[in-house]
Amino acid sequence: MDRATLEQSFERILAANGAALSRLAASYTNTISDRDDLLQEIAVAIWQALPKFRGECSERTFAFRIAHNRGITHLARTRAQMSDPIEEIEVYDPTPGPESDLAQRQRADRLKQAVHRLPVGYRQVITLTLEGLGYREISDVLGISESNVGVRLNRARQLLQDLLEKRK
Amino acid sequence: MSTDLEMDVWREQWQADVAPAIPMNLRRKVERQSWLMKIGLISDTLVTIVMGGGTTAWALLSPKAEVALVAVATWVFLAAAWAFVLTANRGLWAPSALDAATFVDLSVRRCRSALGIVWFAVGLFICEVVFGLGWTYHYSVEREPLMKWLLFGSVRIDVVWLVTVAFFGAIVWYRRRKRAELESLLKLRGEMAVSTGIDRDVPST
């Protein structure tokens, strides 16, 4: 793959998946600056892995695999210092909008915080599901069987319901 | 609410969080970081060439026969370091598959390898210091009593002790960090295998 093609692929992957990658990065981090750092690490890893990418899977699967792998590395490095992550989450808050938008944003924030509380194995499956991936793609990203994806998703959903009920 | 509908609502809420766009200068940062990583690899190779080549050149140019011993020892130390590191990192350069489970497994093995390398580095450093000091003392023109020479011999000897203290400080810090990372990775691997043991969630190490 020549450099121009590489650059085009890189731009395309980031343009198509930038928002999703940012949300995935947020699910592994507690603060905005950590999320941005992780996002940058993910981008670096994508750039470095691109020359070896032969299209065995979709670009989205490729990017999400890398994002989760970098997320795991980030967790392993920082976890020992974490106290109670959920209370420390800085929620991204763009300029204030109308009240209905505010309510919608609060619901989204509650969901994000609840997802953040899930054990990693469940969190990975639910974030990928929420990004619109099917069982097959999730299985490719995480390296587990489709049946296990289903088992985890059910359990993650139950936990998420419990957490959202508690926070109401 | 049906489960599918509930998931659709969550998906909508989740994706409504449109995070800020990836910074425009990201590619520049990415390229700079990739370049720095290459520099790191090149610098390791350069250290080998400079140390090995430097002592070899010194041995060839010096009329003193004992300098050849320094060149030989330097190459032995360098060869031992490369051999150990390459052996310890065998199979750890890239994951066999790109999925998260394989990646975590690889990270665990890399951490264990790094901890093994720490012990080797300590051993190698001690050998180098003992050899360096031994050689310098043995071939010094005016030989003082050993203890006096070691403690008050010269500024160069003081520098050796300072470097030794810094080296062991760094080793203790690095080992502690790697142990914490390993512990955390093992815990994560356990969490990632939370649901069942029905398939290859946790590849064996």
# chains A, B, ... in the order shown; residues from 1 in each chain; ligands from 1
$ residues_around --residues "B:Ala79" --least-positions-apart "4" --cutoff "12 Å" --atoms "only C-alpha atoms" --output "PyMOL selection string"
chain B and resi 48-49+51-52+72-75+83-87+124
$ write_last_selection --atoms "N, CA and C atoms" --output "mmCIF file, in the first residue's frame"
data_model
loop_
_atom_site.group_PDB
_atom_site.id
_atom_site.type_symbol
_atom_site.label_atom_id
_atom_site.label_comp_id
_atom_site.auth_asym_id
_atom_site.auth_seq_id
_atom_site.Cartn_x
_atom_site.Cartn_y
_atom_site.Cartn_z
ATOM 1 N N THR B 48 24.542 -0.290 20.211
ATOM 2 C CA THR B 48 25.346 -1.487 19.954
ATOM 3 C C THR B 48 26.544 -1.146 19.070
ATOM 4 N N ILE B 49 26.247 -0.419 17.990
ATOM 5 C CA ILE B 49 27.324 -0.103 17.048
ATOM 6 C C ILE B 49 28.366 0.809 17.700
ATOM 7 N N MET B 51 28.979 1.377 21.003
ATOM 8 C CA MET B 51 29.721 0.730 22.103
ATOM 9 C C MET B 51 30.685 -0.324 21.562
ATOM 10 N N GLY B 52 30.128 -1.223 20.756
ATOM 11 C CA GLY B 52 30.953 -2.313 20.216
ATOM 12 C C GLY B 52 32.025 -1.774 19.293
ATOM 13 N N VAL B 72 36.488 -7.180 23.759
ATOM 14 C CA VAL B 72 35.890 -8.527 23.767
ATOM 15 C C VAL B 72 34.735 -8.574 24.768
ATOM 16 N N ALA B 73 34.999 -8.046 25.979
ATOM 17 C CA ALA B 73 33.959 -8.071 27.017
ATOM 18 C C ALA B 73 32.731 -7.282 26.566
ATOM 19 N N THR B 74 32.954 -6.136 25.932
ATOM 20 C CA THR B 74 31.813 -5.321 25.467
ATOM 21 C C THR B 74 30.954 -6.112 24.489
ATOM 22 N N TRP B 75 31.621 -6.774 23.517
ATOM 23 C CA TRP B 75 30.856 -7.562 22.548
ATOM 24 C C TRP B 75 30.142 -8.739 23.216
ATOM 25 N N ALA B 83 20.832 -11.503 22.752
ATOM 26 C CA ALA B 83 20.354 -12.894 22.739
ATOM 27 C C ALA B 83 19.226 -13.076 23.746
ATOM 28 N N PHE B 84 19.431 -12.511 24.944
ATOM 29 C CA PHE B 84 18.404 -12.694 25.972
ATOM 30 C C PHE B 84 17.108 -11.982 25.584
ATOM 31 N N VAL B 85 17.251 -10.749 25.121
ATOM 32 C CA VAL B 85 16.046 -9.970 24.784
ATOM 33 C C VAL B 85 15.295 -10.619 23.625
ATOM 34 N N LEU B 86 16.044 -11.057 22.598
ATOM 35 C CA LEU B 86 15.375 -11.680 21.447
ATOM 36 C C LEU B 86 14.692 -12.983 21.850
ATOM 37 N N THR B 87 15.353 -13.748 22.731
ATOM 38 C CA THR B 87 14.743 -15.008 23.184
ATOM 39 C C THR B 87 13.499 -14.714 24.031
ATOM 40 N N LEU B 124 23.280 -8.429 34.383
ATOM 41 C CA LEU B 124 24.212 -7.916 33.370
ATOM 42 C C LEU B 124 24.893 -6.640 33.861
#
$ residues_around --residues "A:Val125" --least-positions-apart "5" --cutoff "8 Å" --atoms "only C-alpha atoms" --output "mmCIF file with C-alpha atoms, in the first residue's frame"
data_model
loop_
_atom_site.group_PDB
_atom_site.id
_atom_site.type_symbol
_atom_site.label_atom_id
_atom_site.label_comp_id
_atom_site.auth_asym_id
_atom_site.auth_seq_id
_atom_site.Cartn_x
_atom_site.Cartn_y
_atom_site.Cartn_z
ATOM 1 C CA ILE A 138 -18.471 -8.470 17.957
ATOM 2 C CA VAL A 149 -21.470 -12.818 22.721
ATOM 3 C CA ARG A 152 -22.619 -11.784 27.708
ATOM 4 C CA LEU A 153 -25.035 -9.418 26.036
ATOM 5 C CA ALA A 156 -24.838 -7.036 30.373
#
$ closest_atom_pairs --of "chain A" --to "chain B" --cutoff "8 Å" --atoms "only C-alpha atoms" --output "CSV"
residue,atom,partner,partner_atom,distance
A:Leu14,CA,B:Ile22,CA,7.7
A:Gly18,CA,B:Ile22,CA,6.3
A:Ala19,CA,B:Ala19,CA,5.6
A:Ala20,CA,B:Gln15,CA,7.8
A:Ser22,CA,B:Ala19,CA,6.1
A:Arg23,CA,B:Ala19,CA,6.7
A:Gln40,CA,B:Leu26,CA,7.1
A:Ala43,CA,B:Val30,CA,6.9
A:Val44,CA,B:Val30,CA,4.9
A:Trp47,CA,B:Val30,CA,7.3
A:Gln48,CA,B:Ser34,CA,7.4
A:Arg65,CA,B:Asp99,CA,5.9
A:Ile66,CA,B:Leu98,CA,7.7
A:His68,CA,B:Ala100,CA,6.4
A:Asn69,CA,B:Ala100,CA,5.5
A:Ile72,CA,B:Val104,CA,7.2
A:Thr73,CA,B:Ser107,CA,7.8
A:Leu75,CA,B:Ser184,CA,7.8
A:Ala76,CA,B:Ser184,CA,5.1
A:Arg77,CA,B:Glu181,CA,5.5
A:Arg79,CA,B:Ser184,CA,6.7
A:Ala80,CA,B:Ala180,CA,6.8
A:Tyr92,CA,B:Ala19,CA,7.5
A:Gln104,CA,B:Gln13,CA,7.4
A:Arg105,CA,B:Asp17,CA,7.7
A:Arg107,CA,B:Gln13,CA,7.0
A:Ala108,CA,B:Gln13,CA,4.8
A:Leu111,CA,B:Trp14,CA,7.1
A:Lys112,CA,B:Trp14,CA,7.0
A:Pro119,CA,B:Glu191,CA,6.2
A:Val120,CA,B:Met192,CA,5.9
A:Gly121,CA,B:Met192,CA,3.7
A:Tyr122,CA,B:Met192,CA,7.4
A:Thr129,CA,B:Arg11,CA,7.9
A:Leu130,CA,B:Arg11,CA,4.7
A:Glu131,CA,B:Arg11,CA,7.0
A:Gly132,CA,B:Arg11,CA,7.6
A:Asp140,CA,B:Asp99,CA,6.5
A:Val141,CA,B:Asp99,CA,5.1
A:Leu142,CA,B:Ala100,CA,4.5
A:Gly143,CA,B:Asp99,CA,4.8
A:Ile144,CA,B:Asp201,CA,5.7
A:Ser145,CA,B:Asp199,CA,6.7
A:Asn148,CA,B:Thr196,CA,7.5
A:Val151,CA,B:Ser195,CA,6.8
A:Arg152,CA,B:Ser195,CA,5.8
A:Arg155,CA,B:Ser195,CA,7.9
$ write_last_selection --atoms "C-alpha atoms" --output "mmCIF file, in the first residue's frame"
data_model
loop_
_atom_site.group_PDB
_atom_site.id
_atom_site.type_symbol
_atom_site.label_atom_id
_atom_site.label_comp_id
_atom_site.auth_asym_id
_atom_site.auth_seq_id
_atom_site.Cartn_x
_atom_site.Cartn_y
_atom_site.Cartn_z
ATOM 1 C CA LEU A 14 -11.311 8.211 11.194
ATOM 2 C CA GLY A 18 -14.268 8.920 14.746
ATOM 3 C CA ALA A 19 -17.330 9.496 16.921
ATOM 4 C CA ALA A 20 -17.698 5.784 17.715
ATOM 5 C CA SER A 22 -14.287 8.476 20.823
ATOM 6 C CA ARG A 23 -17.253 6.884 22.665
ATOM 7 C CA GLN A 40 -4.760 9.538 20.052
ATOM 8 C CA ALA A 43 -5.249 6.590 16.030
ATOM 9 C CA VAL A 44 -1.505 5.886 16.243
ATOM 10 C CA TRP A 47 -1.943 4.168 11.458
ATOM 11 C CA GLN A 48 0.729 1.620 12.349
ATOM 12 C CA ARG A 65 -10.407 -4.222 17.487
ATOM 13 C CA ILE A 66 -7.570 -1.772 17.777
ATOM 14 C CA HIS A 68 -10.507 -2.221 22.382
ATOM 15 C CA ASN A 69 -6.938 -3.466 22.476
ATOM 16 C CA ILE A 72 -7.313 -2.750 27.600
ATOM 17 C CA THR A 73 -3.717 -1.521 27.668
ATOM 18 C CA LEU A 75 -6.948 0.037 31.782
ATOM 19 C CA ALA A 76 -4.060 -2.206 32.740
ATOM 20 C CA ARG A 77 -1.792 0.805 33.158
ATOM 21 C CA ARG A 79 -6.418 0.731 37.013
ATOM 22 C CA ALA A 80 -4.256 0.463 40.088
ATOM 23 C CA TYR A 92 -18.853 15.791 27.934
ATOM 24 C CA GLN A 104 -32.158 13.723 26.482
ATOM 25 C CA ARG A 105 -28.561 14.470 27.349
ATOM 26 C CA ARG A 107 -30.522 10.160 29.908
ATOM 27 C CA ALA A 108 -27.532 9.640 27.631
ATOM 28 C CA LEU A 111 -26.564 5.386 30.261
ATOM 29 C CA LYS A 112 -22.906 6.215 29.708
ATOM 30 C CA PRO A 119 -17.272 -5.336 34.241
ATOM 31 C CA VAL A 120 -14.969 -5.067 31.223
ATOM 32 C CA GLY A 121 -16.171 -8.299 29.591
ATOM 33 C CA TYR A 122 -19.754 -7.046 29.551
ATOM 34 C CA THR A 129 -23.795 -3.535 20.386
ATOM 35 C CA LEU A 130 -24.697 0.077 21.045
ATOM 36 C CA GLU A 131 -22.441 1.076 18.158
ATOM 37 C CA GLY A 132 -24.557 -1.152 15.938
ATOM 38 C CA ASP A 140 -14.467 -10.950 15.444
ATOM 39 C CA VAL A 141 -13.494 -7.904 17.477
ATOM 40 C CA LEU A 142 -13.304 -9.641 20.851
ATOM 41 C CA GLY A 143 -12.165 -13.117 19.872
ATOM 42 C CA ILE A 144 -15.058 -14.954 21.520
ATOM 43 C CA SER A 145 -17.732 -17.153 19.974
ATOM 44 C CA ASN A 148 -20.707 -16.266 24.118
ATOM 45 C CA VAL A 151 -24.633 -14.853 26.781
ATOM 46 C CA ARG A 152 -22.619 -11.784 27.708
ATOM 47 C CA ARG A 155 -26.119 -10.514 31.252
#
$ closest_residue --among "A:Arg70, A:Arg54, A:Arg110, A:Arg117" --to "A:Leu21" --atoms "only C-alpha atoms"
A:Arg70
$ atom_distance --atom1 "atom CA of B:Val141" --atom2 "atom CA of B:Leu69"
17.4 Å
$ atom_distance --atom1 "atom CA of B:Val122" --atom2 "atom CA of B:Phe168"
7.9 Å
$ select_by_dssp --residues "chain A" --states "helix (DSSP H, G or I)" --output "PyMOL selection string"
chain A and resi 3-28+32-52+59-81+85-88+99-117+120-130+135-142+146-167
$ residues_around --residues "B:Ala170" --least-positions-apart "6" --cutoff "12 Å" --atoms "only C-alpha atoms" --output "list of chain:residue names"
B:Val118, B:Ala121, B:Val122, B:Val163, B:Thr164, B:Arg176, B:Arg177
$ write_last_selection --atoms "C-alpha atoms" --output "compact mmCIF listing (two decimals), in the first residue's frame"
# COMPACT_ATOMS: atom_id res chain seq x y z
CA VAL B 118 14.52 -6.95 34.65
CA ALA B 121 19.36 -6.51 33.31
CA VAL B 122 20.32 -6.47 37.00
CA VAL B 163 24.80 5.59 37.93
CA THR B 164 24.41 2.37 39.93
CA ARG B 176 6.83 -2.28 40.53
CA ARG B 177 5.00 -0.71 37.57
$ closest_residue --among "B:Ala80, B:Leu60, B:Val129, B:Leu151" --to "B:Ile117" --atoms "only C-alpha atoms"
B:Ala80
